[in-house]
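Asks: Have a look at this one.
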Amino acid sequence: MGAKRIIKPSKRLVWSVKEVDLEDPFQRRWFIKKVLEHGRFEDVKALVEEIGLEEIAREIDSLNLPAPIYRLWKNFLERRKIKG
């Protein structure tokens with residue numbers, strides 16, 4: 001098993017845990033959803049640097065985002081021709 005990819009999210013964004021293991025698929029999707037729903041610029045930037053826009057594009061349809069947020073991100077990814 002590979003090394004864990006642990007991040008320490010902002011308490012403003014995630015208050016229920018101190019660390020997120022990005023190797024765990026459940027935690028990874030949960031954290032992507034949190035950032036897309038509630039993240040500030042710096043949160044989104046850090047997420048993109050960590051996992052890339054392609055990963056977000058792969059996951060976006062399964063995140064059950066609120067419709068306005070889903071449309072915003074889907075449009076953003078499509079305009080940049082980013083496919084998951």
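Residue numbers start at 1 in each chain; chains themselves are named A, B, ... in the order of the structure tokens; ligands are numbered from 1 in the order shown.
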As a list in words, please: every residue in chain A that DSSP puts in strand (DSSP E or B).

Replies: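 Matching residues, listed in order: Ile6, Ile7, Val20 and Asp21 of chain A.
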
Asks: For region 73-82 of chain A, please output as a ChimeraX atom specification all residues within 12 Å (counting only C-alpha atoms; exclusion window: fewer than 5 positions along the same chain).

Replies: /A:32-33,35-37,44,52-61,63,65-68

Asks: Restricting it to C-alpha atoms, dump the selection as a compact mmCIF listing (two decimals), in the first residue's frame.

Replies:
# COMPACT_ATOMS: atom_id res chain seq x y z
CA ILE A 32 -13.92 17.65 -3.15
CA LYS A 33 -17.62 18.28 -2.54
CA VAL A 35 -14.40 22.56 -1.36
CA LEU A 36 -16.63 23.02 -4.41
CA GLU A 37 -19.62 23.94 -2.22
CA VAL A 44 -10.04 25.63 -4.55
CA GLY A 52 -6.02 18.44 -10.61
CA LEU A 53 -9.04 19.63 -12.56
CA GLU A 54 -9.29 16.30 -14.39
CA GLU A 55 -10.06 14.53 -11.10
CA ILE A 56 -12.73 17.09 -10.29
CA ALA A 57 -14.21 16.58 -13.77
CA ARG A 58 -14.28 12.79 -13.20
CA GLU A 59 -16.09 13.16 -9.87
CA ILE A 60 -18.41 16.10 -10.45
CA ASP A 61 -21.42 14.10 -11.69
CA LEU A 63 -20.98 14.51 -5.93
CA LEU A 65 -23.92 19.10 -5.60
CA PRO A 66 -26.72 21.67 -5.34
CA ALA A 67 -27.89 22.49 -8.88
CA PRO A 68 -26.47 26.06 -9.08

Asks: Quick check, in Å to one decimal: how far apart do CA of Lys11 (chain A) and CA of Leu72 (chain A) lie?

Replies: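 Computing it gives 24.6 Å between the two atoms.
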
Asks: Closest to Ile7 (chain A) among A:Lys45, A:Arg40, A:Arg28, A:Lys34, using only C-alpha atoms?

Replies: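 Under the stated criterion, the closest residue is A:Arg28.
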
Asks: Between CA of Pro9 (chain A) and CA of Asp43 (chain A), what is the distance in Å, rounded to a tenth?

Replies: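 Pair CA of Pro9 (chain A) / CA of Asp43 (chain A) returns 8.4 Å.
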